[in-house]
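Listing of target10.pdb, PDB, C-alpha atoms
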```pdb
MODEL        1
ATOM      1  CA  MET A   1     -41.403 -64.287 -52.111
ATOM      2  CA  GLN A   2     -41.177 -60.610 -51.216
ATOM      3  CA  TYR A   3     -38.082 -58.552 -50.676
ATOM      4  CA  ASN A   4     -37.236 -55.228 -49.092
ATOM      5  CA  LEU A   5     -34.579 -52.740 -50.193
ATOM      6  CA  ARG A   6     -33.272 -50.104 -47.823
ATOM      7  CA  LEU A   7     -30.549 -47.493 -48.300
ATOM      8  CA  LEU A   8     -28.354 -47.253 -45.223
ATOM      9  CA  ASN A   9     -26.377 -44.207 -44.045
ATOM     10  CA  ASN A  10     -23.097 -45.736 -45.202
ATOM     11  CA  ASN A  11     -24.242 -45.815 -48.876
ATOM     12  CA  THR A  12     -25.046 -49.494 -48.708
ATOM     13  CA  ILE A  13     -28.274 -51.089 -49.878
ATOM     14  CA  ALA A  14     -29.647 -53.709 -47.511
ATOM     15  CA  VAL A  15     -31.424 -56.432 -49.484
ATOM     16  CA  ARG A  16     -33.761 -58.300 -47.157
ATOM     17  CA  VAL A  17     -35.603 -61.502 -47.987
ATOM     18  CA  GLY A  18     -37.392 -62.954 -44.990
ATOM     19  CA  ARG A  19     -34.830 -63.039 -42.202
ATOM     20  CA  HIS A  20     -31.863 -63.051 -44.578
ATOM     21  CA  ARG A  21     -29.963 -59.885 -45.437
ATOM     22  CA  GLU A  22     -27.259 -59.081 -47.899
ATOM     23  CA  TYR A  23     -25.518 -55.743 -48.292
ATOM     24  CA  VAL A  24     -24.516 -54.045 -51.533
ATOM     25  CA  GLY A  25     -22.141 -51.069 -51.431
ATOM     26  CA  ILE A  26     -22.970 -48.367 -53.975
ATOM     27  CA  ASP A  27     -19.983 -46.019 -53.704
ATOM     28  CA  GLY A  28     -18.078 -45.859 -56.985
ATOM     29  CA  LYS A  29     -20.525 -48.127 -58.819
ATOM     30  CA  THR A  30     -22.526 -47.331 -61.929
ATOM     31  CA  LYS A  31     -26.292 -47.748 -61.973
ATOM     32  CA  GLY A  32     -25.832 -50.938 -63.982
ATOM     33  CA  GLN A  33     -23.393 -52.374 -61.464
ATOM     34  CA  ILE A  34     -25.774 -51.581 -58.588
ATOM     35  CA  PHE A  35     -28.662 -53.181 -60.477
ATOM     36  CA  ASP A  36     -26.637 -56.337 -61.169
ATOM     37  CA  ALA A  37     -25.404 -56.617 -57.587
ATOM     38  CA  VAL A  38     -28.915 -56.261 -56.137
ATOM     39  CA  ARG A  39     -30.328 -58.635 -58.748
ATOM     40  CA  TRP A  40     -27.756 -61.305 -57.881
ATOM     41  CA  ALA A  41     -28.386 -60.791 -54.159
ATOM     42  CA  LEU A  42     -32.062 -61.541 -54.818
ATOM     43  CA  ILE A  43     -31.285 -64.503 -57.084
ATOM     44  CA  SER A  44     -29.050 -65.978 -54.374
ATOM     45  CA  LYS A  45     -32.104 -65.927 -52.084
ATOM     46  CA  ASN A  46     -34.260 -67.632 -54.747
ATOM     47  CA  VAL A  47     -36.271 -64.482 -55.484
ATOM     48  CA  VAL A  48     -37.314 -64.015 -59.081
ATOM     49  CA  VAL A  49     -38.128 -60.406 -59.959
ATOM     50  CA  SER A  50     -38.680 -58.779 -63.318
ATOM     51  CA  GLU A  51     -36.073 -56.307 -64.524
ATOM     52  CA  ALA A  52     -38.782 -53.640 -64.837
ATOM     53  CA  ARG A  53     -39.922 -54.026 -61.223
ATOM     54  CA  LEU A  54     -36.388 -54.071 -59.851
ATOM     55  CA  THR A  55     -35.515 -50.982 -61.901
ATOM     56  CA  GLU A  56     -38.555 -49.155 -60.488
ATOM     57  CA  ASP A  57     -37.771 -50.231 -56.927
ATOM     58  CA  LEU A  58     -34.148 -49.094 -57.179
ATOM     59  CA  TYR A  59     -35.132 -45.818 -58.832
ATOM     60  CA  GLU A  60     -37.582 -45.029 -56.034
ATOM     61  CA  LEU A  61     -35.082 -46.021 -53.359
ATOM     62  CA  LEU A  62     -32.271 -43.861 -54.722
ATOM     63  CA  ARG A  63     -34.533 -40.947 -55.672
ATOM     64  CA  ARG A  64     -35.777 -40.598 -52.092
ATOM     65  CA  HIS A  65     -32.225 -40.224 -50.752
TER      66      HIS A  65
ENDMDL
END
```

Would you write out, as structure tokens, the structure that this file holds?
Amino acid sequence: MQYNLRLLNNNTIAVRVGRHREYVGIDGKTKGQIFDAVRWALISKNVVVSEARLTEDLYELLRRH
């Protein structure tokens, strides 16, 4: 199953899987805490993603903004 990550104006990452969305706030969090929160948001939607791919996706998302 595919997922989509989007950084919103309020420093929140929208994690979208199909029609389901979950939001992860990034203010005051370390990179590791953001990674874990997004990873668990995906796991809760039954999405299995490698750590390497998720790291790349988050890096690209945060680098662009």

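Using only C-alpha atoms, the shortest contact distance between Asp36 (chain A) and any of A:Leu8, A:Leu62, A:Leu54, A:Ala14 is found at A:Leu54.
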
Residue neighbourhood Val15 (chain A), 8 Å, all atoms listed in the file, exclusion window fewer than 4 positions, as a compact mmCIF listing (two decimals) with C-alpha atoms, in the coordinates of the input:
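As a result, result.txt now contains:
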```txt
# COMPACT_ATOMS: atom_id res chain seq x y z
CA TYR A 3 -38.08 -58.55 -50.68
CA ASN A 4 -37.24 -55.23 -49.09
CA LEU A 5 -34.58 -52.74 -50.19
CA ARG A 6 -33.27 -50.10 -47.82
CA ARG A 21 -29.96 -59.88 -45.44
CA GLU A 22 -27.26 -59.08 -47.90
CA TYR A 23 -25.52 -55.74 -48.29
CA VAL A 24 -24.52 -54.04 -51.53
CA VAL A 38 -28.92 -56.26 -56.14
CA ALA A 41 -28.39 -60.79 -54.16
CA LEU A 42 -32.06 -61.54 -54.82
```

Between CA of Ser50 (chain A) and CA of Phe35 (chain A), what distance in Å does the model show, to one decimal?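 Between these atoms lies a distance of 11.8 Å.
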
I'd like the neighbourhood of Met1 (chain A) as a list of chain:residue names, where a residue qualifies if any of its atoms comes within 9 Å (using only C-alpha atoms), though same-chain residues fewer than 5 positions away should be ignored. A:Val17, A:Gly18, A:Asn46, A:Val47, A:Val48

Gap from CA of Gln2 (chain A) to CA of Val49 (chain A) - Å, one decimal: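 Calculated distance between CA of Gln2 (chain A) and CA of Val49 (chain A) is 9.3 Å.
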
Nearest to Ile26 (chain A) by atom-to-atom distance, counting only C-alpha atoms, from A:Trp40, A:Thr55, A:Glu60, A:Asn9: A:Asn9

Please determine, counting all atoms listed in the file, which residue among A:His65, A:Arg16, A:Leu58, A:Gly25 has the shortest atom-to-atom distance to Ile43 (chain A). A:Arg16

Distance of CA of Arg64 (chain A) from CA of Leu7 (chain A), expressed in Å to one decimal place: 9.4 Å

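Using only C-alpha atoms for every distance, the candidate list A:Ile13, A:Arg19, A:Asp27, A:Gln33 yields A:Ile13 as the residue closest to Asp57 (chain A).
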
Taking N, CA and C atoms as the atom set, what does region 6-41 of chain A look like once completed, written as a short mmCIF file (atom, residue, chain, number, x, y, z; two decimals), in the coordinates of the input?
```
data_model
loop_
_atom_site.label_atom_id
_atom_site.label_comp_id
_atom_site.auth_asym_id
_atom_site.auth_seq_id
_atom_site.Cartn_x
_atom_site.Cartn_y
_atom_site.Cartn_z
N ARG A 6 -33.40 -51.27 -48.69
CA ARG A 6 -33.27 -50.10 -47.82
C ARG A 6 -31.88 -49.51 -48.00
N LEU A 7 -31.83 -48.19 -48.18
CA LEU A 7 -30.55 -47.49 -48.30
C LEU A 7 -30.08 -47.09 -46.91
N LEU A 8 -28.91 -47.54 -46.54
CA LEU A 8 -28.35 -47.25 -45.22
C LEU A 8 -27.48 -46.00 -45.28
N ASN A 9 -27.17 -45.44 -44.13
CA ASN A 9 -26.38 -44.21 -44.04
C ASN A 9 -24.98 -44.34 -44.62
N ASN A 10 -24.45 -45.54 -44.69
CA ASN A 10 -23.10 -45.74 -45.20
C ASN A 10 -23.08 -46.03 -46.71
N ASN A 11 -24.13 -45.60 -47.43
CA ASN A 11 -24.24 -45.82 -48.88
C ASN A 11 -24.20 -47.29 -49.24
N THR A 12 -24.90 -48.07 -48.47
CA THR A 12 -25.05 -49.49 -48.71
C THR A 12 -26.53 -49.79 -48.82
N ILE A 13 -26.89 -50.65 -49.75
CA ILE A 13 -28.27 -51.09 -49.88
C ILE A 13 -28.41 -52.42 -49.15
N ALA A 14 -29.34 -52.47 -48.21
CA ALA A 14 -29.65 -53.71 -47.51
C ALA A 14 -30.75 -54.41 -48.30
N VAL A 15 -30.46 -55.62 -48.74
CA VAL A 15 -31.42 -56.43 -49.48
C VAL A 15 -31.93 -57.48 -48.50
N ARG A 16 -33.21 -57.39 -48.16
CA ARG A 16 -33.76 -58.30 -47.16
C ARG A 16 -34.81 -59.21 -47.79
N VAL A 17 -34.64 -60.49 -47.55
CA VAL A 17 -35.60 -61.50 -47.99
C VAL A 17 -35.87 -62.37 -46.77
N GLY A 18 -37.09 -62.24 -46.23
CA GLY A 18 -37.39 -62.95 -44.99
C GLY A 18 -36.47 -62.47 -43.89
N ARG A 19 -35.78 -63.40 -43.26
CA ARG A 19 -34.83 -63.04 -42.20
C ARG A 19 -33.42 -62.85 -42.72
N HIS A 20 -33.20 -63.12 -43.99
CA HIS A 20 -31.86 -63.05 -44.58
C HIS A 20 -31.59 -61.67 -45.14
N ARG A 21 -30.38 -61.18 -44.92
CA ARG A 21 -29.96 -59.88 -45.44
C ARG A 21 -28.64 -60.02 -46.17
N GLU A 22 -28.52 -59.20 -47.18
CA GLU A 22 -27.26 -59.08 -47.90
C GLU A 22 -27.06 -57.59 -48.15
N TYR A 23 -25.82 -57.16 -48.16
CA TYR A 23 -25.52 -55.74 -48.29
C TYR A 23 -24.74 -55.49 -49.58
N VAL A 24 -25.15 -54.42 -50.27
CA VAL A 24 -24.52 -54.04 -51.53
C VAL A 24 -24.02 -52.61 -51.40
N GLY A 25 -22.71 -52.42 -51.47
CA GLY A 25 -22.14 -51.07 -51.43
C GLY A 25 -22.37 -50.37 -52.77
N ILE A 26 -22.68 -49.08 -52.72
CA ILE A 26 -22.97 -48.37 -53.98
C ILE A 26 -21.92 -47.31 -54.32
N ASP A 27 -21.01 -47.02 -53.42
CA ASP A 27 -19.98 -46.02 -53.70
C ASP A 27 -19.10 -46.46 -54.86
N GLY A 28 -18.95 -45.59 -55.84
CA GLY A 28 -18.08 -45.86 -56.98
C GLY A 28 -18.65 -46.82 -58.01
N LYS A 29 -19.92 -47.19 -57.88
CA LYS A 29 -20.52 -48.13 -58.82
C LYS A 29 -21.47 -47.38 -59.76
N THR A 30 -21.57 -47.88 -60.97
CA THR A 30 -22.53 -47.33 -61.93
C THR A 30 -23.91 -47.87 -61.58
N LYS A 31 -24.93 -47.26 -62.19
CA LYS A 31 -26.29 -47.75 -61.97
C LYS A 31 -26.43 -49.20 -62.40
N GLY A 32 -25.78 -49.56 -63.50
CA GLY A 32 -25.83 -50.94 -63.98
C GLY A 32 -25.18 -51.92 -63.02
N GLN A 33 -24.08 -51.51 -62.43
CA GLN A 33 -23.39 -52.37 -61.46
C GLN A 33 -24.23 -52.56 -60.20
N ILE A 34 -24.90 -51.48 -59.77
CA ILE A 34 -25.77 -51.58 -58.59
C ILE A 34 -26.93 -52.51 -58.89
N PHE A 35 -27.55 -52.33 -60.06
CA PHE A 35 -28.66 -53.18 -60.48
C PHE A 35 -28.24 -54.65 -60.48
N ASP A 36 -27.11 -54.95 -61.10
CA ASP A 36 -26.64 -56.34 -61.17
C ASP A 36 -26.35 -56.91 -59.79
N ALA A 37 -25.73 -56.12 -58.92
CA ALA A 37 -25.40 -56.62 -57.59
C ALA A 37 -26.67 -56.92 -56.78
N VAL A 38 -27.66 -56.03 -56.87
CA VAL A 38 -28.92 -56.26 -56.14
C VAL A 38 -29.65 -57.45 -56.75
N ARG A 39 -29.66 -57.52 -58.07
CA ARG A 39 -30.33 -58.64 -58.75
C ARG A 39 -29.72 -59.97 -58.32
N TRP A 40 -28.39 -60.05 -58.28
CA TRP A 40 -27.76 -61.30 -57.88
C TRP A 40 -27.97 -61.61 -56.41
N ALA A 41 -28.07 -60.57 -55.58
CA ALA A 41 -28.39 -60.79 -54.16
C ALA A 41 -29.76 -61.43 -54.03
#
```
